$ cat entry.txt   # compact mmCIF, C-alpha atoms and all ligand atoms
# COMPACT_ATOMS: atom_id res chain seq x y z
CA MET A 502 7.70 -27.90 7.53
CA ILE A 503 6.49 -24.98 5.46
CA LYS A 504 4.38 -22.58 7.50
CA ALA A 505 2.19 -19.62 6.58
CA ILE A 506 4.12 -16.35 6.13
CA THR A 507 4.46 -14.30 9.35
CA GLY A 508 1.52 -11.97 9.72
CA THR A 509 -0.80 -14.01 7.50
CA LYS A 510 -3.53 -16.23 8.82
CA ASP A 511 -5.52 -19.22 7.60
CA ILE A 512 -9.23 -18.83 8.09
CA LEU A 513 -10.26 -22.33 9.12
CA PRO A 514 -13.72 -23.84 8.50
CA SER A 515 -14.68 -23.34 12.16
CA GLU A 516 -14.16 -19.58 11.76
CA ILE A 517 -16.10 -19.23 8.53
CA PRO A 518 -19.58 -18.86 10.10
CA GLY A 519 -18.39 -15.68 11.89
CA TRP A 520 -16.97 -14.28 8.62
CA LYS A 521 -20.16 -15.15 6.75
CA ARG A 522 -22.32 -13.50 9.40
CA LEU A 523 -20.22 -10.33 9.22
CA GLU A 524 -20.22 -10.34 5.41
CA SER A 525 -23.99 -10.74 5.30
CA PHE A 526 -24.47 -7.67 7.56
CA VAL A 527 -22.05 -5.72 5.39
CA ASN A 528 -24.04 -6.67 2.28
CA THR A 529 -27.48 -5.98 3.64
CA ILE A 530 -26.68 -2.78 5.51
CA PHE A 531 -24.70 -1.15 2.68
CA THR A 532 -27.37 -2.25 0.18
CA SER A 533 -30.12 -0.69 2.28
CA PHE A 534 -28.28 2.65 1.90
CA ASN A 535 -27.95 2.02 -1.87
CA TYR A 536 -24.19 1.37 -1.93
CA LYS A 537 -23.11 -0.92 -4.80
CA GLU A 538 -20.37 -3.52 -4.43
CA ILE A 539 -17.09 -2.95 -6.27
CA ARG A 540 -14.14 -5.34 -6.65
CA THR A 541 -10.73 -4.18 -7.79
CA PRO A 542 -7.49 -6.11 -8.47
CA ILE A 543 -5.26 -7.23 -5.64
CA PHE A 544 -2.33 -5.29 -7.07
CA GLU A 545 -1.97 -1.91 -8.73
CA GLU A 546 0.77 0.28 -10.12
CA THR A 547 2.84 1.48 -7.18
CA SER A 548 2.47 5.14 -8.15
CA LEU A 549 -1.28 4.97 -7.47
CA PHE A 550 -0.68 4.45 -3.76
CA ALA A 551 2.37 6.69 -3.58
CA ARG A 552 0.36 9.58 -5.06
CA GLY A 553 -2.94 8.71 -3.39
CA ILE A 554 -1.94 7.89 0.18
CA GLY A 555 1.09 10.21 0.32
CA GLU A 556 4.85 9.65 0.03
CA GLU A 557 5.45 10.66 3.64
CA THR A 558 2.95 8.29 5.23
CA ASP A 559 4.02 5.15 7.13
CA ILE A 560 2.08 3.01 4.65
CA VAL A 561 3.93 4.25 1.58
CA GLY A 562 7.24 4.88 3.37
CA LYS A 563 7.69 1.50 5.01
CA GLU A 564 4.76 -0.88 4.80
CA MET A 565 3.96 -1.61 1.17
CA TYR A 566 4.59 -4.94 -0.55
CA THR A 567 6.17 -3.52 -3.66
CA PHE A 568 8.03 -5.43 -6.35
CA ALA A 569 8.95 -5.21 -9.99
CA ASP A 570 7.03 -7.67 -12.16
CA ARG A 571 8.73 -9.49 -15.05
CA SER A 572 8.27 -6.53 -17.35
CA GLY A 573 9.91 -4.23 -14.81
CA THR A 574 6.71 -2.41 -13.79
CA SER A 575 6.64 -1.54 -10.11
CA VAL A 576 3.48 -3.03 -8.64
CA THR A 577 2.12 -3.03 -5.10
CA LEU A 578 -0.30 -5.33 -3.28
CA LYS A 579 -3.06 -2.99 -2.23
CA PRO A 580 -2.55 -1.65 1.29
CA GLU A 581 -5.97 0.04 1.27
CA MET A 582 -8.91 0.34 -1.06
CA THR A 583 -9.73 4.04 -1.40
CA ALA A 584 -7.03 4.77 -4.00
CA SER A 585 -8.10 1.69 -6.01
CA VAL A 586 -11.78 2.67 -5.93
CA VAL A 587 -10.91 6.18 -7.06
CA ARG A 588 -8.69 4.78 -9.84
CA ALA A 589 -11.56 2.59 -11.07
CA PHE A 590 -14.00 5.49 -10.76
CA ILE A 591 -11.80 7.67 -12.98
CA GLU A 592 -10.83 4.90 -15.43
CA HIS A 593 -14.44 3.90 -16.14
CA SER A 594 -15.78 7.49 -16.09
CA LEU A 595 -18.34 6.42 -13.49
CA GLY A 596 -18.93 10.04 -12.51
CA LYS A 597 -20.33 10.72 -15.99
CA ARG A 598 -23.00 8.03 -15.65
CA GLN A 599 -24.44 9.43 -12.44
CA PRO A 600 -23.50 12.37 -10.25
CA LEU A 601 -23.28 10.43 -7.00
CA ASN A 602 -21.67 6.98 -6.82
CA LYS A 603 -21.78 4.97 -3.62
CA PHE A 604 -19.56 1.88 -3.42
CA PHE A 605 -18.83 -0.80 -0.85
CA TYR A 606 -16.23 -3.57 -0.77
CA ILE A 607 -14.83 -6.52 1.13
CA SER A 608 -11.23 -7.34 0.24
CA PRO A 609 -7.85 -8.50 1.49
CA MET A 610 -5.20 -5.81 2.07
CA PHE A 611 -1.45 -6.04 2.58
CA ARG A 612 0.85 -4.02 4.84
CA GLN A 613 4.25 -5.09 6.09
CA GLU A 614 3.68 -4.03 9.69
CA ARG A 615 5.02 -5.64 12.86
CA PRO A 616 2.45 -8.39 13.51
CA GLN A 617 0.64 -8.49 16.85
CA ALA A 618 -2.91 -9.19 18.06
CA GLY A 619 -5.21 -7.40 15.63
CA ARG A 620 -2.35 -6.39 13.34
CA LEU A 621 -1.58 -8.59 10.35
CA ARG A 622 0.33 -8.36 7.10
CA GLN A 623 -2.53 -9.76 5.08
CA PHE A 624 -5.79 -8.58 6.62
CA HIS A 625 -9.28 -7.92 5.35
CA GLN A 626 -11.29 -4.75 5.20
CA PHE A 627 -14.83 -3.91 4.37
CA GLY A 628 -15.63 -0.32 3.62
CA GLY A 629 -17.65 2.20 1.73
CA GLU A 630 -16.85 5.22 -0.43
CA ALA A 631 -19.30 7.89 -1.65
CA LEU A 632 -18.02 9.97 -4.58
CA GLY A 633 -19.68 13.08 -5.97
CA SER A 634 -21.09 15.16 -3.13
CA THR A 635 -19.75 17.51 -0.47
CA SER A 636 -22.85 16.96 1.66
CA PRO A 637 -21.95 16.20 5.28
CA LEU A 638 -25.05 13.99 5.28
CA LEU A 639 -22.81 11.41 3.62
CA ASP A 640 -20.12 11.77 6.28
CA ALA A 641 -22.77 11.06 8.90
CA GLU A 642 -24.32 8.29 6.82
CA LEU A 643 -21.02 6.43 6.62
CA ILE A 644 -20.42 6.72 10.37
CA ILE A 645 -23.96 5.40 10.93
CA ILE A 646 -23.39 2.48 8.53
CA ALA A 647 -20.14 1.51 10.26
CA PHE A 648 -21.78 1.78 13.67
CA GLN A 649 -24.81 -0.20 12.55
CA ILE A 650 -22.68 -3.06 11.19
CA LEU A 651 -20.66 -3.23 14.41
CA THR A 652 -23.70 -3.16 16.68
CA SER A 653 -25.50 -5.74 14.51
CA LEU A 654 -22.63 -8.05 15.41
CA GLY A 655 -23.53 -7.47 19.04
CA LEU A 656 -20.58 -5.19 19.85
CA ARG A 657 -21.29 -2.73 22.66
CA ASP A 658 -17.93 -1.50 23.94
CA LEU A 659 -17.52 1.04 21.14
CA THR A 660 -16.41 4.67 21.08
CA VAL A 661 -17.01 6.84 18.04
CA LYS A 662 -14.36 9.53 17.69
CA ILE A 663 -14.73 12.39 15.24
CA ASN A 664 -12.71 15.39 14.20
CA THR A 665 -12.45 17.82 11.34
CA LEU A 666 -9.23 18.75 9.57
CA GLY A 667 -10.72 21.67 7.63
CA VAL A 668 -10.15 22.43 3.97
CA HIS A 669 -6.64 22.31 2.53
CA SER A 670 -5.79 26.02 2.94
CA SER A 671 -6.90 26.28 6.56
CA ARG A 672 -5.01 23.11 7.40
CA GLU A 673 -1.86 24.47 5.79
CA ASN A 674 -2.20 27.60 7.96
CA TYR A 675 -2.62 25.43 11.00
CA LYS A 676 0.43 23.35 10.10
CA ARG A 677 2.48 26.55 10.02
CA MET A 678 1.15 27.48 13.46
CA LEU A 679 1.99 24.04 14.81
CA ARG A 680 5.53 24.22 13.42
CA ASP A 681 5.96 27.65 14.99
CA PHE A 682 4.75 26.31 18.30
CA LEU A 683 7.11 23.31 18.16
CA LYS A 684 10.13 25.15 16.75
CA ASP A 685 11.96 25.76 20.03
CA LYS A 686 10.79 22.42 21.49
CA LYS A 687 11.90 20.36 18.52
CA TYR A 688 15.01 19.08 20.25
CA MET A 689 12.83 17.52 22.97
CA LEU A 690 10.74 15.52 20.51
CA SER A 691 11.29 11.82 19.80
CA ASP A 692 13.29 10.93 16.67
CA ASP A 693 10.16 9.98 14.73
CA SER A 694 8.34 13.15 15.67
CA ARG A 695 11.36 15.27 14.77
CA LYS A 696 11.30 13.70 11.31
CA ARG A 697 7.59 14.35 11.07
CA TYR A 698 8.14 18.00 11.99
CA ASP A 699 9.48 18.48 8.47
CA THR A 700 7.58 15.85 6.51
CA ASN A 701 4.10 15.65 8.06
CA VAL A 702 3.81 17.75 11.18
CA LEU A 703 0.18 16.77 11.93
CA ARG A 704 1.20 13.15 12.41
CA ILE A 705 3.15 14.13 15.54
CA PHE A 706 -0.26 13.90 17.21
CA ASP A 707 -0.19 10.14 16.51
CA SER A 708 3.01 9.71 18.52
CA LYS A 709 2.80 7.09 21.25
CA VAL A 710 5.75 8.67 23.12
CA GLU A 711 4.51 10.21 26.35
CA SER A 712 6.93 13.16 26.35
CA ASP A 713 5.75 14.10 22.82
CA GLN A 714 2.16 14.09 24.04
CA GLU A 715 3.19 16.20 27.05
CA ILE A 716 4.65 18.84 24.72
CA LEU A 717 1.53 18.76 22.54
CA LYS A 718 -0.75 19.54 25.48
CA GLU A 719 -0.13 23.25 25.01
CA ALA A 720 -0.25 23.14 21.21
CA PRO A 721 -2.83 25.16 19.27
CA ILE A 722 -5.90 23.04 18.53
CA LEU A 723 -6.77 22.43 14.90
CA ILE A 724 -10.52 22.69 15.36
CA ASP A 725 -10.10 26.26 16.70
CA HIS A 726 -8.40 27.34 13.49
CA ILE A 727 -10.37 25.80 10.67
CA ASP A 728 -12.52 27.52 8.04
CA GLU A 729 -16.22 28.35 8.53
CA GLU A 730 -17.44 25.89 5.90
CA SER A 731 -15.73 22.95 7.61
CA LYS A 732 -17.02 24.11 11.00
CA ASN A 733 -20.61 24.24 9.69
CA ASP A 734 -20.30 20.84 8.04
CA PHE A 735 -18.93 19.43 11.27
CA GLU A 736 -21.87 20.85 13.21
CA LEU A 737 -24.26 19.10 10.84
CA VAL A 738 -22.44 15.78 11.19
CA LYS A 739 -22.66 16.12 14.98
CA ASP A 740 -26.37 17.02 14.86
CA ILE A 741 -27.20 13.98 12.76
CA LEU A 742 -25.25 11.68 15.06
CA ILE A 743 -27.06 13.13 18.08
CA ASN A 744 -30.43 12.68 16.36
CA SER A 745 -29.44 9.12 15.44
CA LYS A 746 -28.60 8.46 19.09
CA ILE A 747 -24.98 7.63 18.35
CA SER A 748 -22.80 9.04 21.10
CA PHE A 749 -19.40 10.31 20.05
CA GLU A 750 -16.30 12.03 21.34
CA ILE A 751 -14.59 14.88 19.58
CA ASP A 752 -10.91 14.04 19.34
CA PRO A 753 -8.97 17.07 18.09
CA LYS A 754 -5.89 14.86 17.64
CA LEU A 755 -7.57 12.47 15.20
CA VAL A 756 -5.48 13.33 12.11
CA ARG A 757 -5.31 9.75 10.68
CA GLY A 758 -2.36 8.17 8.93
CA LEU A 759 -3.23 8.82 5.29
CA ASP A 760 -2.61 12.16 3.60
CA TYR A 761 -5.79 12.47 1.57
CA TYR A 762 -8.17 13.63 4.29
CA THR A 763 -10.01 16.95 4.32
CA LYS A 764 -12.74 18.04 6.75
CA THR A 765 -14.35 15.15 8.70
CA THR A 766 -12.27 12.27 10.04
CA PHE A 767 -13.55 9.51 12.31
CA GLU A 768 -12.68 6.23 13.96
CA ILE A 769 -14.61 3.67 15.96
CA ILE A 770 -12.61 2.22 18.81
CA SER A 771 -13.21 -1.00 20.74
CA GLY A 772 -12.40 -1.27 24.44
CA LYS A 773 -11.95 -5.02 24.11
CA VAL A 774 -9.06 -5.66 21.71
CA GLY A 775 -5.91 -4.25 23.32
CA SER A 776 -3.66 -1.68 21.72
CA GLN A 777 -4.76 -2.16 18.09
CA ASN A 778 -8.15 -0.82 19.01
CA ALA A 779 -9.39 1.02 15.90
CA LEU A 780 -12.07 -1.16 14.36
CA CYS A 781 -12.63 1.30 11.56
CA GLY A 782 -11.45 4.64 10.30
CA GLY A 783 -12.30 7.06 7.56
CA GLY A 784 -13.12 10.56 6.52
CA ARG A 785 -13.62 12.98 3.70
CA TYR A 786 -11.13 13.29 0.83
CA ASP A 787 -12.37 16.06 -1.44
CA LEU A 788 -9.11 16.47 -3.38
CA LEU A 789 -8.11 12.85 -4.02
CA VAL A 790 -9.94 12.27 -7.32
CA GLU A 791 -8.35 15.37 -8.81
CA GLN A 792 -4.98 14.42 -7.39
CA LEU A 793 -5.21 11.06 -9.18
CA GLY A 794 -6.04 12.67 -12.52
CA GLY A 795 -9.86 12.80 -12.48
CA SER A 796 -12.07 15.85 -12.67
CA PRO A 797 -12.65 17.44 -9.27
CA THR A 798 -15.02 15.16 -7.33
CA PRO A 799 -15.49 15.19 -3.57
CA GLY A 800 -15.46 11.91 -1.68
CA VAL A 801 -15.91 10.40 1.74
CA GLY A 802 -15.52 6.86 3.06
CA PHE A 803 -14.29 4.48 5.71
CA ALA A 804 -12.74 1.05 6.00
CA ALA A 805 -12.97 -1.47 8.84
CA GLY A 806 -10.61 -4.30 9.80
CA ILE A 807 -12.49 -7.60 9.76
CA GLU A 808 -9.98 -9.60 11.87
CA ARG A 809 -10.04 -6.90 14.56
CA ILE A 810 -13.82 -6.83 14.56
CA LEU A 811 -14.05 -10.59 14.91
CA LEU A 812 -11.51 -10.44 17.73
CA ALA A 813 -13.71 -7.86 19.47
CA CYS A 814 -16.73 -10.14 18.92
CA GLU A 815 -14.83 -13.03 20.47
CA ASN A 816 -13.74 -10.95 23.45
CA GLU A 817 -17.23 -9.50 23.97
CA LYS A 818 -18.77 -12.95 23.30
CA SER A 819 -21.18 -11.03 21.12
CA LEU A 820 -21.72 -13.39 18.20
CA SER A 821 -24.05 -16.24 19.01
CA LEU A 822 -23.86 -18.53 16.03
CA PRO A 823 -26.31 -21.41 15.83
CA ASP A 824 -24.77 -24.87 16.10
CA ASP A 825 -24.13 -26.46 12.75
CA ASN A 826 -26.56 -29.21 11.89
CA ILE A 827 -27.22 -31.37 8.89
CA ASP A 828 -30.64 -32.36 7.55
CA LEU A 829 -30.05 -36.04 7.08
CA TYR A 830 -27.45 -38.70 7.91
CA ILE A 831 -27.75 -42.00 6.05
CA ILE A 832 -26.73 -45.06 8.03
CA LYS A 833 -25.85 -48.29 6.21
CA LEU A 834 -26.77 -51.40 8.18
CA ASP A 835 -24.74 -53.38 5.70
CA GLU A 836 -21.43 -52.21 4.16
CA ASP A 837 -22.48 -53.64 0.76
CA LEU A 838 -25.02 -50.84 0.56
CA SER A 839 -22.42 -48.06 0.19
CA SER A 840 -23.25 -47.44 -3.47
CA LYS A 841 -26.95 -47.38 -2.66
CA ALA A 842 -26.32 -44.88 0.16
CA PHE A 843 -24.34 -42.76 -2.31
CA GLU A 844 -27.22 -42.90 -4.81
CA VAL A 845 -29.89 -42.02 -2.23
CA ALA A 846 -27.77 -39.18 -0.84
CA LEU A 847 -27.33 -37.83 -4.36
CA GLU A 848 -31.10 -37.69 -4.91
CA TYR A 849 -31.60 -35.61 -1.77
CA ARG A 850 -28.54 -33.46 -2.37
CA LYS A 851 -30.03 -32.54 -5.77
CA GLU A 852 -32.87 -31.06 -3.77
CA ASN A 853 -30.37 -29.05 -1.72
CA LEU A 854 -30.85 -31.04 1.45
CA PHE A 855 -27.70 -31.12 3.55
CA VAL A 856 -26.91 -34.85 3.55
CA GLU A 857 -23.99 -36.97 4.70
CA PHE A 858 -23.17 -40.67 5.03
CA ASP A 859 -20.19 -42.78 6.01
CA TYR A 860 -17.23 -43.14 3.60
CA LEU A 861 -15.00 -44.94 6.11
CA SER A 862 -16.68 -48.37 6.43
CA ARG A 863 -17.56 -47.63 10.03
CA SER A 864 -19.73 -49.83 12.24
CA VAL A 865 -23.41 -48.98 12.66
CA LYS A 866 -22.66 -47.74 16.19
CA ALA A 867 -19.87 -45.48 14.89
CA GLN A 868 -22.15 -44.16 12.13
CA MET A 869 -24.75 -43.31 14.77
CA ARG A 870 -22.12 -41.48 16.81
CA GLU A 871 -21.16 -39.52 13.69
CA ALA A 872 -24.82 -38.63 13.05
CA ASN A 873 -25.04 -37.22 16.60
CA LYS A 874 -21.75 -35.36 16.22
CA LEU A 875 -23.04 -33.71 13.06
CA ASN A 876 -26.31 -32.81 14.82
CA ALA A 877 -28.32 -34.65 12.18
CA ARG A 878 -31.99 -33.69 12.35
CA PHE A 879 -33.01 -36.99 10.70
CA VAL A 880 -31.32 -40.34 10.23
CA LEU A 881 -32.23 -42.69 7.40
CA PHE A 882 -31.40 -46.38 7.83
CA ILE A 883 -30.66 -48.43 4.73
CA GLY A 884 -30.63 -52.22 5.15
CA GLY A 885 -32.22 -54.99 7.15
CA ASP A 886 -35.61 -56.56 6.52
CA GLU A 887 -37.24 -53.20 5.70
CA TYR A 888 -34.84 -52.66 2.84
CA LYS A 889 -35.58 -56.13 1.46
CA SER A 890 -39.24 -55.11 1.26
CA GLY A 891 -38.33 -51.83 -0.48
CA LYS A 892 -38.59 -49.57 2.57
CA LEU A 893 -36.28 -47.32 4.57
CA ASN A 894 -36.59 -46.33 8.20
CA LEU A 895 -36.50 -42.57 8.88
CA LYS A 896 -35.85 -41.37 12.41
CA ASN A 897 -36.56 -37.87 13.66
CA MET A 898 -33.67 -37.26 16.07
CA ALA A 899 -35.47 -34.59 18.08
CA THR A 900 -38.61 -36.63 18.84
CA GLY A 901 -37.26 -40.17 18.42
CA GLU A 902 -40.25 -40.86 16.15
CA GLN A 903 -39.62 -43.41 13.35
CA GLN A 904 -41.52 -44.13 10.17
CA LEU A 905 -41.11 -46.29 7.12
CA ILE A 906 -40.95 -44.70 3.73
CA ASP A 907 -40.78 -46.32 0.31
CA LEU A 908 -37.26 -46.53 -1.13
CA ASN A 909 -38.16 -44.46 -4.17
CA GLU A 910 -40.53 -42.09 -2.42
CA TYR A 911 -38.02 -39.24 -2.34
CA SER A 912 -40.59 -36.47 -2.25
CA LYS A 913 -42.20 -37.74 0.96
CA LEU A 914 -38.90 -37.68 2.82
CA ILE A 915 -38.08 -34.27 1.40
CA ASP A 916 -41.40 -32.90 2.69
CA LEU A 917 -40.82 -34.41 6.12
CA VAL A 918 -37.25 -33.15 6.42
CA ARG A 919 -37.95 -29.66 5.05
CA VAL A 920 -40.59 -28.80 7.69
P1 LIG A 1001 -6.91 2.70 7.88
O1 LIG A 1001 -7.17 3.43 9.17
O2 LIG A 1001 -5.53 2.60 7.43
O3 LIG A 1001 -7.80 3.41 6.79
O4 LIG A 1001 -7.52 1.23 7.99
C1 LIG A 1001 -8.85 1.01 8.32
C2 LIG A 1001 -8.97 -0.15 9.30
O5 LIG A 1001 -8.33 -1.30 8.76
C3 LIG A 1001 -8.29 0.07 10.64
O6 LIG A 1001 -9.13 0.80 11.51
C4 LIG A 1001 -8.10 -1.35 11.10
O7 LIG A 1001 -9.29 -1.87 11.69
C5 LIG A 1001 -7.84 -2.10 9.82
N1 LIG A 1001 -6.38 -2.32 9.67
C6 LIG A 1001 -5.45 -1.47 9.20
N2 LIG A 1001 -4.23 -2.03 9.19
C7 LIG A 1001 -4.39 -3.29 9.67
C8 LIG A 1001 -3.50 -4.38 9.91
N3 LIG A 1001 -2.20 -4.31 9.63
N4 LIG A 1001 -4.02 -5.53 10.42
C9 LIG A 1001 -5.33 -5.64 10.70
N5 LIG A 1001 -6.22 -4.64 10.48
C10 LIG A 1001 -5.76 -3.48 9.99
C11 LIG A 1001 -7.87 3.04 5.49
O8 LIG A 1001 -7.45 2.00 5.06
C12 LIG A 1001 -8.62 4.03 4.61
N6 LIG A 1001 -8.63 3.51 3.26
C13 LIG A 1001 -10.02 4.22 5.14
C14 LIG A 1001 -10.86 5.13 4.31
C15 LIG A 1001 -11.74 4.75 3.35
N7 LIG A 1001 -10.82 6.45 4.34
C16 LIG A 1001 -11.67 6.92 3.42
N8 LIG A 1001 -12.21 5.92 2.82
$ encode --input "entry.txt" --output "structure tokens" --more "lines below"
Ligand code: HAM
Amino acid sequence: MIKAITGTKDILPSEIPGWKRLESFVNTIFTSFNYKEIRTPIFEETSLFARGIGEETDIVGKEMYTFADRSGTSVTLKPEMTASVVRAFIEHSLGKRQPLNKFFYISPMFRQERPQAGRLRQFHQFGGEALGSTSPLLDAELIIIAFQILTSLGLRDLTVKINTLGVHSSRENYKRMLRDFLKDKKYMLSDDSRKRYDTNVLRIFDSKVESDQEILKEAPILIDHIDEESKNDFELVKDILINSKISFEIDPKLVRGLDYYTKTTFEIISGKVGSQNALCGGGRYDLLVEQLGGSPTPGVGFAAGIERILLACENEKSLSLPDDNIDLYIIKLDEDLSSKAFEVALEYRKENLFVEFDYLSRSVKAQMREANKLNARFVLFIGGDEYKSGKLNLKNMATGEQQLIDLNEYSKLIDLVRV
């Protein structure tokens, strides 16, 4: 039997209401902050991600689905959206139309990671990107949007973590300090961290190896060595979060796994989903547009993992979705009336009533059971003596009340059912 590829997941009809609920919050909340939806292709030229995310990152180094297409072009299924949004922003000169562009998206992403709970190879993100302003108001705004979406879904066990990486030059100074600090301890580091010492020393902070973390305890702290501008911006972000009553932790080790970050970084963590606990992550990336060939344009954004969020909702039992129900179930008292039932159903369906009837030649009793299973609000009986005299019996399932309506009196039934 052919099965779905490891790390991919079918989203079955029973799960769709949760997805729809989440998507509707994403739409309304981003729209209320004037973010506009953007959709980009599923695959891009590989060099976009290599240049955008960084050659030395885990994503580019070992997780991308990259292949040569038939013309020999190296293409990659998008592992994240920021580089694609920036590519579209540059390609369509969106910065020339208006100075500040705010985008949001919902899209599948692809990373060849080791699958586990909350970690997939095809997963879905929603996110937002604001391009064109260095104002830390936007950093705070995006954290607030992410938090608002998560709490709208009923999530409570959330921790907002923030940090600042400073501007490029101050971070480079800090990297030198960190290398100096680790120089004579390098031999004690794990293999991965030793590699990162040369390629991306900040990422050593992400190490899950306890002895690495022990060594880092004495390391100089980035926040103590960053530039004044970044410090002031960070203060403003913190002030806004305090005024917005969003509690947060400062995590000096929050360096994030993508190379494009400058200044603010943040994540929102759930206490209810196990080890893959980051529901969303983001930060400022003031150099990325320029790096990808556009004119210098600051940016900030975040992305959130939908599967992880829905897992957190399940574990917190936070999403109360109303039971499905249908407006009307048509019961045939006589199997010969199937075509008539079809015709009547069609009339009501044209009016957007949610209508079903039996396609399986079931007994009247079985049809009634089906109507109950589907939580039908009304049942319409076709057949019997009433039908011979041109009438149908309509039953309100909540009250048990029944009334006769004329066969062709569609509008009366519609009025009754719509109330
Ligand atoms: P990221 O931290 O790589 O950032 O991913 C954001 C979120 O996507 C994670 O917090 C997680 O919830 C979800 N996620 C990542 N990988 C997986 C996976 N394999 N399976 C399930 N969920 C996953 C970014 O992607 C940046 N583009 C965020 C950003 C936007 N920064 C600025 N703008």
$ residues_near_point --input "entry.txt" --point "(-11.7, -10.0, 21.4)" --cutoff "12 Å" --atoms "only C-alpha atoms" --output "list in words"
Ala618, Gly619, Leu656, Asp658, Ser771, Gly772, Lys773, Val774, Gly775, Ser776, Gln777, Asn778, Leu780, Ile807, Glu808, Arg809, Ile810, Leu811, Leu812, Ala813, Cys814, Glu815, Asn816, Glu817, Lys818, Ser819 and Leu820 of chain A
$ axis_aligned_box --input "entry.txt" --around "ligand LIG 1001 (chain A)" --padding-each-side "3 Å" --output "AutoDock Vina command-line options"
--center_x -7.2 --center_y 0.6 --center_z 7.3 --size_x 16.0 --size_y 18.6 --size_z 14.9
$ closest_atom_pairs --input "entry.txt" --of "chain A" --to "ligand LIG 1001 (chain A)" --cutoff "8 Å" --atoms "all atoms listed in the file" --output "Markdown table"
| residue | atom | partner | partner_atom | distance |
| --- | --- | --- | --- | --- |
| A:Pro580 | CA | A:LIG1001 | O8 | 7.2 |
| A:Glu581 | CA | A:LIG1001 | O8 | 4.5 |
| A:Met582 | CA | A:LIG1001 | N6 | 5.4 |
| A:Thr583 | CA | A:LIG1001 | N6 | 4.8 |
| A:Ala584 | CA | A:LIG1001 | N6 | 7.5 |
| A:Phe611 | CA | A:LIG1001 | N3 | 7.3 |
| A:Arg612 | CA | A:LIG1001 | N3 | 5.7 |
| A:Gln613 | CA | A:LIG1001 | N3 | 7.4 |
| A:Glu614 | CA | A:LIG1001 | N3 | 5.9 |
| A:Pro616 | CA | A:LIG1001 | N3 | 7.3 |
| A:Gly619 | CA | A:LIG1001 | C9 | 5.2 |
| A:Arg620 | CA | A:LIG1001 | N4 | 3.5 |
| A:Leu621 | CA | A:LIG1001 | N4 | 3.9 |
| A:Arg622 | CA | A:LIG1001 | N3 | 5.4 |
| A:Gln623 | CA | A:LIG1001 | N4 | 7.0 |
| A:Phe624 | CA | A:LIG1001 | C9 | 5.0 |
| A:His625 | CA | A:LIG1001 | N5 | 6.8 |
| A:Gln626 | CA | A:LIG1001 | O5 | 5.8 |
| A:Gly628 | CA | A:LIG1001 | C15 | 6.4 |
| A:Gly629 | CA | A:LIG1001 | C15 | 6.6 |
| A:Glu630 | CA | A:LIG1001 | N8 | 5.7 |
| A:Arg757 | CA | A:LIG1001 | O1 | 6.8 |
| A:Gly758 | CA | A:LIG1001 | O2 | 6.6 |
| A:Leu759 | CA | A:LIG1001 | O2 | 7.0 |
| A:Tyr762 | CA | A:LIG1001 | C16 | 7.6 |
| A:Glu768 | CA | A:LIG1001 | O6 | 6.9 |
| A:Ile769 | CA | A:LIG1001 | O6 | 7.6 |
| A:Gln777 | CA | A:LIG1001 | C4 | 7.8 |
| A:Asn778 | CA | A:LIG1001 | O7 | 7.5 |
| A:Ala779 | CA | A:LIG1001 | O6 | 4.4 |
| A:Leu780 | CA | A:LIG1001 | O7 | 3.9 |
| A:Cys781 | CA | A:LIG1001 | O6 | 3.5 |
| A:Gly782 | CA | A:LIG1001 | O1 | 4.6 |
| A:Gly783 | CA | A:LIG1001 | N7 | 3.6 |
| A:Gly784 | CA | A:LIG1001 | C16 | 5.0 |
| A:Arg785 | CA | A:LIG1001 | C16 | 6.4 |
| A:Tyr786 | CA | A:LIG1001 | C16 | 6.9 |
| A:Val801 | CA | A:LIG1001 | C16 | 5.7 |
| A:Gly802 | CA | A:LIG1001 | N8 | 3.4 |
| A:Phe803 | CA | A:LIG1001 | C15 | 3.5 |
| A:Ala804 | CA | A:LIG1001 | C13 | 4.3 |
| A:Ala805 | CA | A:LIG1001 | C2 | 4.2 |
| A:Gly806 | CA | A:LIG1001 | O7 | 3.3 |
| A:Ile807 | CA | A:LIG1001 | O7 | 6.8 |
| A:Glu808 | CA | A:LIG1001 | C9 | 6.2 |
| A:Arg809 | CA | A:LIG1001 | O7 | 5.8 |
| A:Ile810 | CA | A:LIG1001 | O7 | 7.3 |
$ residues_around --input "entry.txt" --residues "Arg672 in chain A" --least-positions-apart "2" --cutoff "9 Å" --atoms "all atoms listed in the file" --output "PyMOL selection string"
chain A and resi 666-670+674-677+723+726-728+763
$ write_last_selection --input "entry.txt" --atoms "C-alpha atoms" --output "short mmCIF file (atom, residue, chain, number, x, y, z; two decimals), in the frame of the given file"
data_model
loop_
_atom_site.label_atom_id
_atom_site.label_comp_id
_atom_site.auth_asym_id
_atom_site.auth_seq_id
_atom_site.Cartn_x
_atom_site.Cartn_y
_atom_site.Cartn_z
CA LEU A 666 -9.23 18.75 9.57
CA GLY A 667 -10.72 21.67 7.63
CA VAL A 668 -10.15 22.43 3.97
CA HIS A 669 -6.64 22.31 2.53
CA SER A 670 -5.79 26.02 2.94
CA ASN A 674 -2.20 27.60 7.96
CA TYR A 675 -2.62 25.43 11.00
CA LYS A 676 0.43 23.35 10.10
CA ARG A 677 2.48 26.55 10.02
CA LEU A 723 -6.77 22.43 14.90
CA HIS A 726 -8.40 27.34 13.49
CA ILE A 727 -10.37 25.80 10.67
CA ASP A 728 -12.52 27.52 8.04
CA THR A 763 -10.01 16.95 4.32
#
